[in-house]
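**Student:** This is the structure I have questions about; it appears just below.
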Amino acid sequence: MTLTYGDRVVGTRAFSVAQCAEPEPEPVDFCHGPDEDGNFSLVELPSDEVQASHFGVHVGDVIPPFQGLVEGVVTTLSQNWDAAGRDFFEQGCKQLPPEPDTPAVTVPEVPCLTADAPIPESITATVTGLTGAGRYALTISDGTDWSHTEQVAGSGDVLLPLHGLGRYSIELAPAGDAATGDPVTATLTLERCEEPPVEPPVEPPVVPPVAPNPPAVHTAPVVVRTAPKLAETGAPDHGSALGAAALLALAGAGILLSSRRRSAGR
């Protein structure tokens with residue numbers, strides 16, 4: 001081999017190419033089939049025969065990894081070797097029947113119904129775990145004399161009628177000789193929502209009436225005049241004596257005048 005850079009030779013190296021030696025055949029166990037009845041058989045052959053007559057030829061064969069020569073290169077080969085193929089090979093190339101599922105029935109939960117909401121007339125029940133062997137009976141009842149039964153033969157949705165408000169029981173039970181297992185149940189409740197309590201109206205507090213103020217009464221002030229108190233001295237009060245005498249004189253004059261008028265009237 002010559003390494004060049006532009007027009008210049010910058011290096012050379014010699015090497016040889018030889019075909020890989022074919023790997024020694026090793027025994028390979030694999031599942032060969034299916035036959036006319038759909039069955040497989042466990043076969044053991046040398047790896048070169050497996051590659052020549054089965055790998056890529058019988059597309060249904062389940063072949064574990066083995067070493068083979070492809071275009072002169074040793075290569076790891078396998079066929080249908082996924083998780084399902086490995087399980088099938090480990091089971092001796094026999095298809096085991098699937099494990100039966102556990103029968104079950106479920107119904108959706110229905111929230112409470114408001115006062116003006118209509119009552120549902122039917123409900124969808126989901127049945128699972130039935131393998132199709134035999135008949136099963138799906139019965140809905142509300143605890144009274146009313147009930148309804150639907151015959152089912154496999155998994156799926158079943159429409160069941162309802163009978164108004166109440167608590168329902170839905171039972172899935174074997175109904176034929178070929179059906180086996182114990183009954184399984186589900187429950188459903190249809191009810192109105194509880195109305196919140198009505199609070200009584202709050203009465204305003206009673207305020208007693210306030211009497212109007214009576215009109216103000218204005219009265220004339222009473223003036224009491226008192227004679228000034230004379231200073232107390234040791235001398236006699238001549239003024240008081242003179243005043244008393246004057247009063248007596250006036251009273252006498254009044255009496256005399258009254259007498260004269262009565263005399264004149266006679």
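Quick note on naming: the chains in the structure tokens go A, B, ... in the order shown, residues restart at 1 in each chain, and ligands are numbered from 1 in order of appearance.
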Just want the 6 Å neighbourhood of segment 154-162 of chain A, counted on only C-alpha atoms, with same-chain residues fewer than 2 positions away dropped. Output as a ChimeraX atom specification.

**Tutor:** /A:121-128,130,132,152

**Student:** Write a file of the just-selected residues containing all heavy atoms, as a tab-separated table (two decimals), in the first residue's frame.

**Tutor:**
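Wrote selection_21.tsv, looks like this:
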chain	number	residue	atom	x	y	z
A	121	GLU	N	-80.23	5.70	32.86
A	121	GLU	CA	-81.05	4.54	32.58
A	121	GLU	C	-80.23	3.29	32.32
A	121	GLU	O	-80.78	2.18	32.27
A	121	GLU	CB	-81.94	4.82	31.36
A	121	GLU	CG	-82.93	5.96	31.59
A	121	GLU	CD	-83.82	6.20	30.39
A	121	GLU	OE1	-83.59	5.52	29.35
A	121	GLU	OE2	-84.74	7.03	30.47
A	122	SER	N	-78.89	3.43	32.15
A	122	SER	CA	-78.05	2.26	31.89
A	122	SER	C	-76.63	2.56	32.33
A	122	SER	O	-76.27	3.72	32.56
A	122	SER	CB	-78.09	1.87	30.41
A	122	SER	OG	-77.59	2.93	29.61
A	123	ILE	N	-75.83	1.51	32.42
A	123	ILE	CA	-74.42	1.61	32.82
A	123	ILE	C	-73.64	0.57	32.03
A	123	ILE	O	-74.16	-0.50	31.71
A	123	ILE	CB	-74.24	1.40	34.34
A	123	ILE	CG1	-72.83	1.81	34.78
A	123	ILE	CG2	-74.55	-0.03	34.73
A	123	ILE	CD1	-72.61	3.28	34.83
A	124	THR	N	-72.39	0.89	31.67
A	124	THR	CA	-71.55	-0.04	30.92
A	124	THR	C	-70.62	-0.78	31.89
A	124	THR	O	-69.83	-0.14	32.59
A	124	THR	CB	-70.72	0.69	29.87
A	124	THR	OG1	-71.60	1.33	28.94
A	124	THR	CG2	-69.83	-0.28	29.11
A	125	ALA	N	-70.74	-2.10	31.92
A	125	ALA	CA	-69.86	-2.94	32.74
A	125	ALA	C	-68.78	-3.53	31.83
A	125	ALA	O	-69.07	-3.95	30.70
A	125	ALA	CB	-70.66	-4.05	33.41
A	126	THR	N	-67.55	-3.55	32.32
A	126	THR	CA	-66.42	-4.10	31.56
A	126	THR	C	-66.04	-5.45	32.15
A	126	THR	O	-65.69	-5.55	33.33
A	126	THR	CB	-65.23	-3.15	31.59
A	126	THR	OG1	-65.62	-1.89	31.04
A	126	THR	CG2	-64.07	-3.71	30.79
A	127	VAL	N	-66.09	-6.49	31.31
A	127	VAL	CA	-65.75	-7.86	31.72
A	127	VAL	C	-64.37	-8.19	31.16
A	127	VAL	O	-64.10	-7.99	29.97
A	127	VAL	CB	-66.79	-8.86	31.20
A	127	VAL	CG1	-66.37	-10.29	31.55
A	127	VAL	CG2	-68.15	-8.56	31.79
A	128	THR	N	-63.47	-8.67	32.02
A	128	THR	CA	-62.12	-9.06	31.59
A	128	THR	C	-61.80	-10.45	32.14
A	128	THR	O	-62.45	-10.94	33.06
A	128	THR	CB	-61.07	-8.06	32.10
A	128	THR	OG1	-61.16	-7.98	33.54
A	128	THR	CG2	-61.31	-6.67	31.52
A	130	LEU	N	-61.92	-13.43	30.65
A	130	LEU	CA	-62.63	-14.60	30.14
A	130	LEU	C	-61.90	-15.12	28.90
A	130	LEU	O	-61.60	-14.36	27.98
A	130	LEU	CB	-64.08	-14.26	29.80
A	130	LEU	CG	-64.95	-13.75	30.95
A	130	LEU	CD1	-66.40	-13.63	30.50
A	130	LEU	CD2	-64.84	-14.65	32.16
A	132	GLY	N	-63.13	-17.35	26.84
A	132	GLY	CA	-64.07	-17.78	25.83
A	132	GLY	C	-64.55	-19.20	26.02
A	132	GLY	O	-65.35	-19.70	25.22
A	152	VAL	N	-72.77	-13.71	28.64
A	152	VAL	CA	-71.52	-13.29	28.02
A	152	VAL	C	-70.65	-14.52	27.80
A	152	VAL	O	-70.69	-15.47	28.58
A	152	VAL	CB	-70.78	-12.24	28.88
A	152	VAL	CG1	-71.58	-10.96	28.97
A	152	VAL	CG2	-70.50	-12.78	30.27

**Student:** Pick from A:Gly85, A:Pro46, A:Pro183, A:Gly166: nearest to Val62 of chain A, with only C-alpha atoms counted?

**Tutor:**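 Closest residue, counting only C-alpha atoms: A:Gly85.
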
**Student:** Would you give me, as a PyMOL selection string, the residues in segment 26-232 of chain A that DSSP reads as strand (DSSP E)?

**Tutor:** chain A and resi 27-32+41-46+63-70+73-79+104-106+122-128+136-141+147-152+156-161+166-174+184-190

**Student:** Just to be explicit: take each residue in the selection above, keep C-alpha atoms, and write the result as a compact mmCIF listing (two decimals), in the first residue's frame.

**Tutor:**
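File out.txt, as written:
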# COMPACT_ATOMS: atom_id res chain seq x y z
CA PRO A 27 -23.58 -28.93 17.40
CA VAL A 28 -26.54 -26.55 17.48
CA ASP A 29 -29.88 -27.33 19.10
CA PHE A 30 -32.79 -25.50 17.49
CA CYS A 31 -36.55 -25.70 17.04
CA HIS A 32 -37.56 -26.93 13.58
CA SER A 41 -39.47 -30.49 17.12
CA LEU A 42 -36.15 -30.03 18.90
CA VAL A 43 -33.33 -30.90 16.45
CA GLU A 44 -29.53 -31.07 16.87
CA LEU A 45 -27.28 -30.56 13.79
CA PRO A 46 -23.76 -29.32 13.10
CA ILE A 63 -32.22 -21.02 15.98
CA PRO A 64 -30.02 -19.88 18.89
CA PRO A 65 -26.81 -17.94 18.09
CA PHE A 66 -23.99 -19.94 16.45
CA GLN A 67 -20.78 -19.14 14.52
CA GLY A 68 -20.89 -19.30 10.72
CA LEU A 69 -18.85 -18.07 7.77
CA VAL A 70 -20.46 -15.32 5.70
CA VAL A 73 -15.99 -13.53 7.59
CA VAL A 74 -16.81 -15.40 10.79
CA THR A 75 -20.21 -14.12 11.87
CA THR A 76 -22.64 -14.84 14.70
CA LEU A 77 -25.94 -16.00 13.24
CA SER A 78 -29.39 -16.57 14.81
CA GLN A 79 -33.00 -16.68 13.70
CA ALA A 104 -63.28 -9.60 36.72
CA VAL A 105 -66.07 -7.09 36.23
CA THR A 106 -65.81 -3.35 36.76
CA SER A 122 -78.05 2.26 31.89
CA ILE A 123 -74.42 1.61 32.82
CA THR A 124 -71.55 -0.04 30.92
CA ALA A 125 -69.86 -2.94 32.74
CA THR A 126 -66.42 -4.10 31.56
CA VAL A 127 -65.75 -7.86 31.72
CA THR A 128 -62.12 -9.06 31.59
CA TYR A 136 -71.03 -16.63 31.92
CA ALA A 137 -73.96 -14.73 33.36
CA LEU A 138 -73.66 -11.05 34.22
CA THR A 139 -76.46 -10.08 36.61
CA ILE A 140 -77.32 -6.66 38.02
CA SER A 141 -79.73 -6.23 40.96
CA SER A 147 -82.72 -7.84 38.47
CA HIS A 148 -81.45 -8.23 34.93
CA THR A 149 -79.08 -10.85 33.44
CA GLU A 150 -76.95 -10.79 30.29
CA GLN A 151 -75.19 -13.87 28.88
CA VAL A 152 -71.52 -13.29 28.02
CA GLY A 156 -65.68 -6.93 26.59
CA ASP A 157 -68.18 -4.18 27.47
CA VAL A 158 -71.77 -5.06 28.38
CA LEU A 159 -74.57 -2.49 28.61
CA LEU A 160 -76.74 -3.08 31.70
CA PRO A 161 -80.03 -1.33 32.53
CA GLY A 166 -80.17 2.86 44.88
CA ARG A 167 -77.21 0.57 45.50
CA TYR A 168 -76.58 -2.05 42.80
CA SER A 169 -74.65 -5.32 42.81
CA ILE A 170 -73.17 -6.63 39.54
CA GLU A 171 -72.15 -10.32 39.59
CA LEU A 172 -70.22 -12.31 36.97
CA ALA A 173 -70.71 -16.05 37.47
CA PRO A 174 -70.23 -19.25 35.42
CA VAL A 184 -66.91 -11.98 41.06
CA THR A 185 -68.86 -8.85 41.90
CA ALA A 186 -68.79 -5.08 41.62
CA THR A 187 -70.99 -2.44 43.24
CA LEU A 188 -72.57 0.76 42.02
CA THR A 189 -74.38 3.49 43.98
CA LEU A 190 -76.78 6.02 42.49

**Student:** Find, counting only C-alpha atoms, the residue in A:Pro205, A:Pro103, A:Gly56, A:Gly72 that gets nearest to Ala153 of chain A.

**Tutor:** A:Pro103
